[in-house]
Structure formats: structure tokens, C-alpha cells
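Participant: The following file, model04.csv, comprises CSV, C-alpha atoms:
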```csv
chain,number,residue,atom,x,y,z
A,61,MET,CA,-2.1,101.5,213.7
A,62,PRO,CA,-0.8,101.7,210.2
A,63,TYR,CA,3.0,101.2,209.8
A,64,TYR,CA,4.9,104.0,208.1
A,65,TYR,CA,7.4,102.5,205.6
A,66,SER,CA,10.1,105.0,204.9
A,67,TYR,CA,12.4,105.5,202.0
A,68,SER,CA,15.4,104.5,204.1
A,69,GLU,CA,13.7,101.2,205.2
A,70,TYR,CA,12.8,100.6,201.6
A,71,LEU,CA,16.5,101.0,200.5
A,72,SER,CA,17.5,98.6,203.3
A,73,ASP,CA,14.8,96.1,202.1
A,74,CYS,CA,15.9,96.4,198.5
A,75,HIS,CA,19.4,95.5,199.6
A,76,LYS,CA,18.0,92.4,201.4
A,77,LEU,CA,15.9,91.5,198.4
A,78,THR,CA,18.9,91.6,196.0
A,79,ASP,CA,20.8,89.4,198.5
A,80,LEU,CA,17.9,86.9,198.3
A,81,ILE,CA,17.5,86.9,194.5
A,82,ASP,CA,19.9,84.3,193.2
A,83,GLU,CA,18.8,84.1,189.6
A,84,GLN,CA,19.4,86.4,186.6
A,85,PHE,CA,16.6,88.0,184.6
A,86,ASP,CA,16.4,89.8,181.3
A,87,ALA,CA,13.3,91.7,181.9
A,88,ILE,CA,11.1,93.1,184.8
A,89,ILE,CA,7.4,93.4,185.0
A,90,THR,CA,5.8,95.5,187.7
A,91,LEU,CA,2.2,95.8,188.7
A,92,SER,CA,0.9,99.4,188.4
A,93,ARG,CA,0.9,101.4,190.5
A,94,GLY,CA,2.2,99.6,193.6
A,95,GLY,CA,5.3,98.0,192.1
A,96,MET,CA,6.5,100.9,190.0
A,97,THR,CA,9.1,102.5,192.3
A,98,LEU,CA,10.5,99.1,193.1
A,99,GLY,CA,10.6,98.2,189.4
A,100,HIS,CA,12.5,101.4,188.7
A,101,THR,CA,15.0,100.9,191.5
A,102,MET,CA,15.6,97.2,190.6
A,103,GLY,CA,15.8,97.9,186.9
A,104,GLU,CA,18.6,100.4,187.5
A,105,PHE,CA,20.4,98.1,190.0
A,106,TYR,CA,20.4,95.1,187.7
A,107,ASP,CA,20.9,97.3,184.6
A,108,ILE,CA,17.8,95.8,183.0
A,109,ARG,CA,16.4,98.3,180.5
A,110,GLU,CA,13.3,96.2,179.8
A,111,VAL,CA,11.1,97.3,182.6
A,112,TYR,CA,7.4,96.8,181.8
A,113,THR,CA,4.2,97.4,183.7
A,114,ILE,CA,0.9,95.6,183.7
A,115,ASN,CA,-2.4,97.3,184.8
A,116,THR,CA,-4.9,95.7,187.2
A,117,ILE,CA,-8.2,97.1,188.3
A,118,GLY,CA,-10.0,95.4,191.1
A,119,TYR,CA,-13.8,95.9,191.5
A,120,ASN,CA,-16.7,94.5,193.3
A,121,ASP,CA,-19.5,92.9,191.3
A,122,LYS,CA,-22.4,91.6,193.3
A,123,GLN,CA,-23.0,88.8,190.8
A,124,LYS,CA,-19.5,87.5,190.6
A,125,LEU,CA,-17.8,88.4,193.9
A,126,ASP,CA,-14.5,90.3,193.7
A,127,GLU,CA,-13.0,90.4,190.3
A,128,VAL,CA,-9.7,91.7,188.9
A,129,LYS,CA,-9.3,93.0,185.4
A,130,ILE,CA,-5.8,92.8,183.9
A,131,PHE,CA,-4.9,94.9,180.9
A,132,ASN,CA,-1.9,96.3,179.1
A,133,ILE,CA,-0.2,92.9,179.0
A,134,PRO,CA,3.3,93.9,177.9
A,135,ASP,CA,5.0,92.9,174.7
A,136,ILE,CA,8.1,91.4,176.3
A,137,LYS,CA,10.2,91.2,173.1
A,138,ASN,CA,12.7,88.3,173.4
A,139,ALA,CA,12.9,88.0,177.2
A,140,LYS,CA,13.0,84.5,178.6
A,141,ASN,CA,13.5,85.0,182.3
A,142,ILE,CA,11.3,87.6,183.8
A,143,LEU,CA,11.1,89.0,187.4
A,144,ILE,CA,7.7,90.1,188.5
A,145,LEU,CA,7.8,92.8,191.2
A,146,ASP,CA,5.2,94.3,193.4
A,147,ASP,CA,5.1,96.1,196.7
A,148,ILE,CA,3.0,93.6,198.6
A,149,ILE,CA,1.2,90.3,198.2
A,150,ASP,CA,-1.9,90.7,200.4
A,151,SER,CA,-4.8,88.4,199.4
A,152,GLY,CA,-2.7,87.3,196.5
A,153,ASP,CA,-5.7,87.3,194.1
A,154,THR,CA,-4.3,90.0,191.8
A,155,MET,CA,-0.9,88.4,191.6
A,156,ARG,CA,-2.4,85.0,190.9
A,157,GLU,CA,-4.4,86.4,188.0
A,158,VAL,CA,-1.4,88.3,186.6
A,159,MET,CA,0.7,85.1,186.7
A,160,GLU,CA,-2.0,83.0,185.0
A,161,ILE,CA,-2.4,85.6,182.2
A,162,MET,CA,1.4,86.0,181.7
A,163,ARG,CA,2.0,82.2,181.8
A,164,SER,CA,-0.7,81.5,179.3
A,165,HIS,CA,0.5,84.4,177.0
A,166,TYR,CA,4.1,83.4,177.2
A,167,GLN,CA,4.4,79.7,177.6
A,168,ASP,CA,8.2,79.5,177.0
A,169,VAL,CA,9.1,82.2,179.5
A,170,THR,CA,10.1,81.6,183.1
A,171,PHE,CA,8.5,84.0,185.6
A,172,LYS,CA,9.6,84.5,189.2
A,173,ILE,CA,8.0,86.8,191.8
A,174,ALA,CA,9.7,89.1,194.3
A,175,VAL,CA,7.9,91.5,196.7
A,176,LEU,CA,8.7,93.7,199.7
A,177,PHE,CA,5.8,92.5,201.9
A,178,TYR,CA,3.9,89.2,202.0
A,179,LYS,CA,1.0,87.8,204.0
A,180,PRO,CA,1.3,84.0,204.7
A,181,THR,CA,-2.5,83.8,204.2
A,182,ALA,CA,-2.1,84.8,200.5
A,183,SER,CA,-3.4,82.6,197.7
A,184,ILE,CA,0.0,82.7,196.0
A,185,ASP,CA,3.5,82.6,197.3
A,186,PRO,CA,6.3,84.8,196.1
A,187,ASP,CA,9.7,83.3,195.3
A,188,TRP,CA,11.3,86.0,197.4
A,189,TYR,CA,10.1,88.5,199.9
A,190,VAL,CA,11.6,90.6,202.7
A,191,GLN,CA,9.0,91.2,205.4
A,192,GLU,CA,5.7,89.7,206.6
A,193,ALA,CA,3.0,92.3,206.5
A,194,LYS,CA,1.5,92.5,210.0
A,195,ALA,CA,-0.4,95.8,209.7
A,196,TRP,CA,-1.7,98.2,207.1
A,197,ILE,CA,1.4,99.8,205.5
A,198,ASP,CA,1.6,103.5,204.7
A,199,PHE,CA,4.2,103.5,201.9
A,200,PHE,CA,6.5,106.5,201.5
A,201,TRP,CA,5.4,106.8,197.9
A,202,THR,CA,1.9,107.5,199.1
A,203,GLU,CA,2.7,109.5,202.2
A,204,ASP,CA,5.8,111.7,201.7
A,205,LEU,CA,4.6,114.1,199.0
A,206,LYS,CA,1.4,114.8,201.0
A,207,LYS,CA,3.4,115.5,204.1
A,208,VAL,CA,5.7,117.9,202.1
A,209,LYS,CA,2.6,119.6,200.7
A,210,ASN,CA,1.1,119.9,204.2
A,211,GLY,CA,4.3,121.3,205.6
A,212,ILE,CA,4.9,118.3,207.9
B,1296,MET,CA,31.0,116.8,187.9
B,1297,PRO,CA,27.7,114.9,188.0
B,1298,TYR,CA,25.0,116.3,190.2
B,1299,TYR,CA,23.6,114.0,192.8
B,1300,TYR,CA,19.8,114.3,192.9
B,1301,SER,CA,18.6,113.0,196.3
B,1302,TYR,CA,15.2,111.7,197.4
B,1303,SER,CA,14.6,114.8,199.6
B,1304,GLU,CA,15.3,117.2,196.7
B,1305,TYR,CA,13.0,115.0,194.5
B,1306,LEU,CA,10.2,115.4,197.1
B,1307,SER,CA,10.7,119.1,197.2
B,1308,ASP,CA,10.6,119.2,193.4
B,1309,CYS,CA,7.5,117.1,193.2
B,1310,HIS,CA,5.9,119.7,195.6
B,1311,LYS,CA,6.9,122.5,193.2
B,1312,LEU,CA,5.7,120.5,190.2
B,1313,THR,CA,2.3,120.0,191.7
B,1314,ASP,CA,2.1,123.7,192.4
B,1315,LEU,CA,2.8,124.4,188.8
B,1316,ILE,CA,0.4,121.9,187.3
B,1317,ASP,CA,-2.9,123.8,187.0
B,1318,GLU,CA,-5.0,121.2,185.1
B,1319,GLN,CA,-6.7,118.0,186.0
B,1320,PHE,CA,-5.9,114.6,184.5
B,1321,ASP,CA,-7.6,111.3,184.4
B,1322,ALA,CA,-4.5,109.2,183.5
B,1323,ILE,CA,-0.8,109.3,183.7
B,1324,ILE,CA,1.7,107.9,181.2
B,1325,THR,CA,5.4,107.6,182.2
B,1326,LEU,CA,8.4,106.7,180.1
B,1327,SER,CA,10.1,103.5,181.3
B,1328,ARG,CA,12.4,103.4,183.1
B,1329,GLY,CA,13.2,107.1,183.9
B,1330,GLY,CA,9.7,108.3,184.7
B,1331,MET,CA,8.5,105.4,186.8
B,1332,THR,CA,9.2,106.6,190.3
B,1333,LEU,CA,7.7,110.0,189.4
B,1334,GLY,CA,4.7,108.4,187.8
B,1335,HIS,CA,4.1,106.3,190.9
B,1336,THR,CA,4.5,109.3,193.3
B,1337,MET,CA,2.2,111.6,191.2
B,1338,GLY,CA,-0.4,108.8,190.7
B,1339,GLU,CA,-0.6,108.4,194.4
B,1340,PHE,CA,-0.7,112.2,195.1
B,1341,TYR,CA,-3.5,112.9,192.5
B,1342,ASP,CA,-5.3,109.6,193.3
B,1343,ILE,CA,-5.1,108.6,189.7
B,1344,ARG,CA,-5.2,104.8,189.5
B,1345,GLU,CA,-4.6,104.7,185.7
B,1346,VAL,CA,-0.8,105.0,185.6
B,1347,TYR,CA,0.6,103.6,182.4
B,1348,THR,CA,4.1,103.2,181.0
B,1349,ILE,CA,5.5,103.3,177.5
B,1350,ASN,CA,8.8,101.7,176.5
B,1351,THR,CA,11.4,103.3,174.4
B,1352,ILE,CA,14.7,101.9,173.1
B,1353,GLY,CA,17.3,104.3,171.6
B,1354,TYR,CA,19.9,102.8,169.4
B,1355,ASN,CA,22.4,103.9,166.8
B,1356,ASP,CA,22.1,102.8,163.3
B,1357,LYS,CA,24.8,103.9,161.0
B,1358,GLN,CA,22.5,104.0,158.0
B,1359,LYS,CA,19.7,106.0,159.7
B,1360,LEU,CA,21.4,108.1,162.4
B,1361,ASP,CA,20.0,107.8,165.9
B,1362,GLU,CA,16.6,106.2,166.2
B,1363,VAL,CA,14.1,105.6,168.9
B,1364,LYS,CA,11.8,102.6,169.0
B,1365,ILE,CA,8.6,103.1,170.9
B,1366,PHE,CA,6.6,100.0,172.0
B,1367,ASN,CA,4.0,98.9,174.5
B,1368,ILE,CA,1.7,101.9,173.6
B,1369,PRO,CA,-0.8,101.7,176.5
B,1370,ASP,CA,-4.5,101.0,176.1
B,1371,ILE,CA,-5.7,104.2,178.0
B,1372,LYS,CA,-9.3,103.1,178.3
B,1373,ASN,CA,-11.6,106.1,178.5
B,1374,ALA,CA,-9.0,108.7,179.5
B,1375,LYS,CA,-9.4,112.1,177.8
B,1376,ASN,CA,-6.8,114.2,179.6
B,1377,ILE,CA,-3.4,112.6,180.1
B,1378,LEU,CA,-0.3,113.7,181.9
B,1379,ILE,CA,2.9,112.5,180.4
B,1380,LEU,CA,5.7,112.3,183.0
B,1381,ASP,CA,9.5,111.8,182.7
B,1382,ASP,CA,12.5,112.5,184.7
B,1383,ILE,CA,14.3,114.7,182.2
B,1384,ILE,CA,13.9,116.1,178.7
B,1385,ASP,CA,17.4,116.2,177.4
B,1386,SER,CA,17.7,116.2,173.6
B,1387,GLY,CA,13.9,115.8,173.5
B,1388,ASP,CA,14.0,113.3,170.7
B,1389,THR,CA,12.5,110.4,172.7
B,1390,MET,CA,9.7,112.6,174.1
B,1391,ARG,CA,8.9,114.0,170.7
B,1392,GLU,CA,8.5,110.6,169.2
B,1393,VAL,CA,6.4,109.5,172.1
B,1394,MET,CA,4.1,112.5,171.7
B,1395,GLU,CA,3.8,111.9,167.9
B,1396,ILE,CA,2.8,108.3,168.4
B,1397,MET,CA,0.4,109.0,171.3
B,1398,ARG,CA,-1.3,111.9,169.4
B,1399,SER,CA,-1.7,109.8,166.3
B,1400,HIS,CA,-3.1,106.9,168.2
B,1401,TYR,CA,-5.4,108.9,170.4
B,1402,GLN,CA,-6.6,111.9,168.4
B,1403,ASP,CA,-9.4,112.9,170.8
B,1404,VAL,CA,-7.1,112.9,173.8
B,1405,THR,CA,-5.3,115.9,175.3
B,1406,PHE,CA,-1.7,115.3,176.3
B,1407,LYS,CA,0.4,117.5,178.5
B,1408,ILE,CA,4.0,117.0,179.6
B,1409,ALA,CA,5.6,117.5,183.0
B,1410,VAL,CA,9.2,116.7,183.9
B,1411,LEU,CA,11.7,117.3,186.7
B,1412,PHE,CA,14.6,118.5,184.5
B,1413,TYR,CA,14.6,120.2,181.1
B,1414,LYS,CA,17.3,121.4,178.8
B,1415,PRO,CA,16.4,124.6,176.9
B,1416,THR,CA,18.1,123.2,173.8
B,1417,ALA,CA,15.7,120.3,173.6
B,1418,SER,CA,13.6,119.7,170.5
B,1419,ILE,CA,10.4,119.7,172.5
B,1420,ASP,CA,9.2,121.8,175.4
B,1421,PRO,CA,7.4,120.4,178.4
B,1422,ASP,CA,4.3,122.2,179.7
B,1423,TRP,CA,5.8,122.2,183.2
B,1424,TYR,CA,9.2,121.5,184.5
B,1425,VAL,CA,11.1,122.3,187.8
B,1426,GLN,CA,14.8,122.6,187.1
B,1427,GLU,CA,17.1,123.3,184.1
B,1428,ALA,CA,19.6,120.5,183.7
B,1429,LYS,CA,23.0,122.0,183.8
B,1430,ALA,CA,25.1,118.9,184.4
B,1431,TRP,CA,24.9,115.1,184.2
B,1432,ILE,CA,22.4,114.1,186.9
B,1433,ASP,CA,22.9,111.0,189.2
B,1434,PHE,CA,19.4,110.3,190.2
B,1435,PHE,CA,18.7,108.6,193.6
B,1436,TRP,CA,16.9,105.8,191.9
B,1437,THR,CA,20.2,104.9,190.1
B,1438,GLU,CA,22.6,105.6,192.9
B,1439,ASP,CA,21.1,104.9,196.3
B,1440,LEU,CA,20.8,101.1,196.2
B,1441,LYS,CA,24.3,100.7,194.9
B,1442,LYS,CA,25.6,102.9,197.7
B,1443,VAL,CA,23.7,100.7,200.3
B,1444,LYS,CA,25.1,97.6,198.7
B,1445,ASN,CA,28.6,99.1,198.8
B,1446,GLY,CA,28.2,100.1,202.5
B,1447,ILE,CA,28.4,103.8,201.7
```
Can you dump the structure from the file as C-alpha cells?
Facilitator:
Amino acid sequence: MPYYYSYSEYLSDCHKLTDLIDEQFDAIITLSRGGMTLGHTMGEFYDIREVYTINTIGYNDKQKLDEVKIFNIPDIKNAKNILILDDIIDSGDTMREVMEIMRSHYQDVTFKIAVLFYKPTASIDPDWYVQEAKAWIDFFWTEDLKKVKNGI
Amino acid sequence: MPYYYSYSEYLSDCHKLTDLIDEQFDAIITLSRGGMTLGHTMGEFYDIREVYTINTIGYNDKQKLDEVKIFNIPDIKNAKNILILDDIIDSGDTMREVMEIMRSHYQDVTFKIAVLFYKPTASIDPDWYVQEAKAWIDFFWTEDLKKVKNGI
């Protein structure tokens, strides 16, 4: 059974996440699409105007196993401490690739990771997370507008 | 009096916006930060994985009047029909600059604009909008987490 993650639970989890995060940042990078709502909310909360996205495309290639393509690496201006946000770290492969690319592009910058959901089996650990993911999650940003359109 | 724009009103307005939009798109660009939640919701709804952001910084320069700096112009891959999304077109100056830059960068691409709020006095018209902005708007993505933190 997928787990429905509502806007009100999200707000409560954002509250918990901001209680956990004990560092200051001058910019935010979110993974598109999954981290965009969180990036927006947290950018507003911390009054960080520099909120950037990075694009990832996962695809299957029979020759090379699963691959992730990262593009639109943001120009981060003068930011030195950056918070990377996403909805969930599942396998962790996408986040690991993003971190490798960002760290090699910006060697003088400190990057930390915060997510709402995390699987302990992932190949990368976040610095902060709120919940362990124990089932497939139907996020409100995927479900709610469809429900409104269908009159639910 | 500022007008509080709730998540439930937003969902209802997204529903209206998707009823108005009568074209198909292969990518979305949102203005950071204001358009990010909308870009996420609409990307999920239309099943468009290519959701990009563009950054704008407005500043006052006594010599040159108000200026807007646009950066992180996205690499839009092979997209040909792009939906530009933002929360509000107020003066319209930022959106006008964004459109000029995007159209000069991507001359073979069709761009259309959809927003939640629009002021008729703006210097650019959206293709689709839901409400006229008649007061300062306190968006839920700015207000709700602060309220939760303050125990409201």
C-alpha cells in the first residue's frame, strides 16, 4: 500500500527538519522535480533568495546498467555554504552523482544534504532527514491536483 | 490588508489554470523562487519531467533605475513548446526580461506564460491567469511554515 503524504504532514516535517538543521546556508539547491516544493518552502523560511535547481534524468542503458544524467549545474554566484534539498533519498544513486558533480565544480564550497525521507539502504547518507521511507510514498504534489480534477 | 492565499485555494486555482491551458508543452520553466511550487505541481500533473528554473535578482541602482538580473538560463534540451510559470505578474518587468532573454536564446521555441495572479497594469500579459491581484498576497509557501514554527 502506498503511503499518502499530505500537505499538513509535510508542514509538520518541515518544522522538524528546521529544528534539526543547525547550520546556516547562503544558498539552496534542489533536485528537479522532487525537491522543488521543499526548496521553495525552505528558501522562504530561511529568507534565502538564491534557490537553484539541478536537473537529473535517470535512464536504463543495457550496456552500462542504470545511469543518471545531471545537467543545468547552477551558477551559484558567491555562495560558500549550500544546502542541497530533495524529497527522498531512495537508492541514493542520483544524489551521489549530484554531490560528486557539485563538489568537483565548486571545490571551495561546503555542501550539506537534507531530505524528508531516507532509506537506510541508500548509497549516500543525508546530513539531516525526518522519516525513514518504509513504503512507496504518494506525495501531495503528485496526488492533490489529480484528486481535485477528478472531484475527489 | 494582505490577502492570505491558502494551499486549498491554490489547488482550486491550479484546477482552473489547467482548465484554461489549451495547449501542450514539452517543458516547464519557473521563476525562482516564486514559481517553484507551481512548477512542481504542474510538472507532476502534466507528467512533464523537464521542469527548469531561471533565477532573477532585482536591485535598485541609482544610476540606472530598477534593474533585473537574469541568470542560470536553463539548457532546455530539445524542448520546442515551453510553459513559463510564475506565482504573480505584478509590474511585469521581471517576466518581460525573462521572456526577452529566453526568446533571444531559443529562437525556434514557442513560449507561453501562465500565472496564478496578474495585475492588469503590468507591462506584459500572461497567456493564462486565474485571479487579478487586488491586494498584497501572503502565499502559503511563505506563511505556513512560520505559523507552524510559532505554534499558530
Participant: Neighbours of stretch 172-185 of chain A within 9 Å (all atoms listed in the file; same-chain residues fewer than 4 positions away dropped), as a PyMOL selection string?
Facilitator: chain A and resi 70+73-74+77+81+95+98+141-153+155-156+189-194
Participant: So what do you get for atom CA of B:Trp1423 versus atom CA of B:Leu1440, distance-wise?
Facilitator: 29.0 Å
Participant: So what do you get for atom CA of B:Asn1445 versus atom CA of A:Tyr106, distance-wise?
Facilitator: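 Interatomic distance, atom CA of B:Asn1445 to atom CA of A:Tyr106: 14.4 Å.
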Participant: Provide as a short mmCIF file (atom, residue, chain, number, x, y, z; two decimals) with C-alpha atoms, in the frame of the given file the residues of chain A at most 10 Å from chain B, counting only C-alpha atoms.
Facilitator:
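Output file selection26.cif is given in full below:
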```
data_model
loop_
_atom_site.label_atom_id
_atom_site.label_comp_id
_atom_site.auth_asym_id
_atom_site.auth_seq_id
_atom_site.Cartn_x
_atom_site.Cartn_y
_atom_site.Cartn_z
CA TYR A 67 12.40 105.50 202.00
CA SER A 68 15.40 104.50 204.10
CA TYR A 70 12.80 100.60 201.60
CA LEU A 71 16.50 101.00 200.50
CA SER A 72 17.50 98.60 203.30
CA ASP A 73 14.80 96.10 202.10
CA CYS A 74 15.90 96.40 198.50
CA HIS A 75 19.40 95.50 199.60
CA LYS A 76 18.00 92.40 201.40
CA THR A 78 18.90 91.60 196.00
CA ASP A 79 20.80 89.40 198.50
CA SER A 92 0.90 99.40 188.40
CA ARG A 93 0.90 101.40 190.50
CA GLY A 94 2.20 99.60 193.60
CA GLY A 95 5.30 98.00 192.10
CA MET A 96 6.50 100.90 190.00
CA THR A 97 9.10 102.50 192.30
CA LEU A 98 10.50 99.10 193.10
CA GLY A 99 10.60 98.20 189.40
CA HIS A 100 12.50 101.40 188.70
CA THR A 101 15.00 100.90 191.50
CA MET A 102 15.60 97.20 190.60
CA GLY A 103 15.80 97.90 186.90
CA GLU A 104 18.60 100.40 187.50
CA PHE A 105 20.40 98.10 190.00
CA TYR A 106 20.40 95.10 187.70
CA ASP A 107 20.90 97.30 184.60
CA ILE A 108 17.80 95.80 183.00
CA ARG A 109 16.40 98.30 180.50
CA GLU A 110 13.30 96.20 179.80
CA VAL A 111 11.10 97.30 182.60
CA TYR A 112 7.40 96.80 181.80
CA THR A 113 4.20 97.40 183.70
CA ILE A 114 0.90 95.60 183.70
CA ASN A 115 -2.40 97.30 184.80
CA THR A 116 -4.90 95.70 187.20
CA ILE A 117 -8.20 97.10 188.30
CA PHE A 131 -4.90 94.90 180.90
CA ASN A 132 -1.90 96.30 179.10
CA ILE A 133 -0.20 92.90 179.00
CA PRO A 134 3.30 93.90 177.90
CA ASP A 135 5.00 92.90 174.70
CA ILE A 136 8.10 91.40 176.30
CA LYS A 137 10.20 91.20 173.10
CA PHE A 200 6.50 106.50 201.50
CA TRP A 201 5.40 106.80 197.90
CA THR A 202 1.90 107.50 199.10
CA GLU A 203 2.70 109.50 202.20
CA ASP A 204 5.80 111.70 201.70
CA LEU A 205 4.60 114.10 199.00
CA LYS A 206 1.40 114.80 201.00
CA LYS A 207 3.40 115.50 204.10
CA VAL A 208 5.70 117.90 202.10
CA LYS A 209 2.60 119.60 200.70
CA ASN A 210 1.10 119.90 204.20
#
```
Participant: Work out how far atom CA of A:Glu160 is from atom CA of A:Ile130, in Å to one decimal.
Facilitator: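 According to the coordinates, atom CA of A:Ile130 and atom CA of A:Glu160 are separated by 10.6 Å.
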Participant: Which one of B:Lys1364, B:Ala1374, B:Pro1421, B:Gly1446 sits closest to B:Ile1323 if you count only C-alpha atoms?
Facilitator: B:Ala1374
Participant: Need the shell around A:Lys140: protein/DNA/RNA residues with any atom at most 8 Å away, counting all atoms listed in the file. Skip same-chain ones fewer than 2 positions apart. Format as a list in words?
Facilitator: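 Returned residues: Phe85, Asp86, Ala87, Asn138, Ile142, Asp168, Val169 and Thr170 of chain A.
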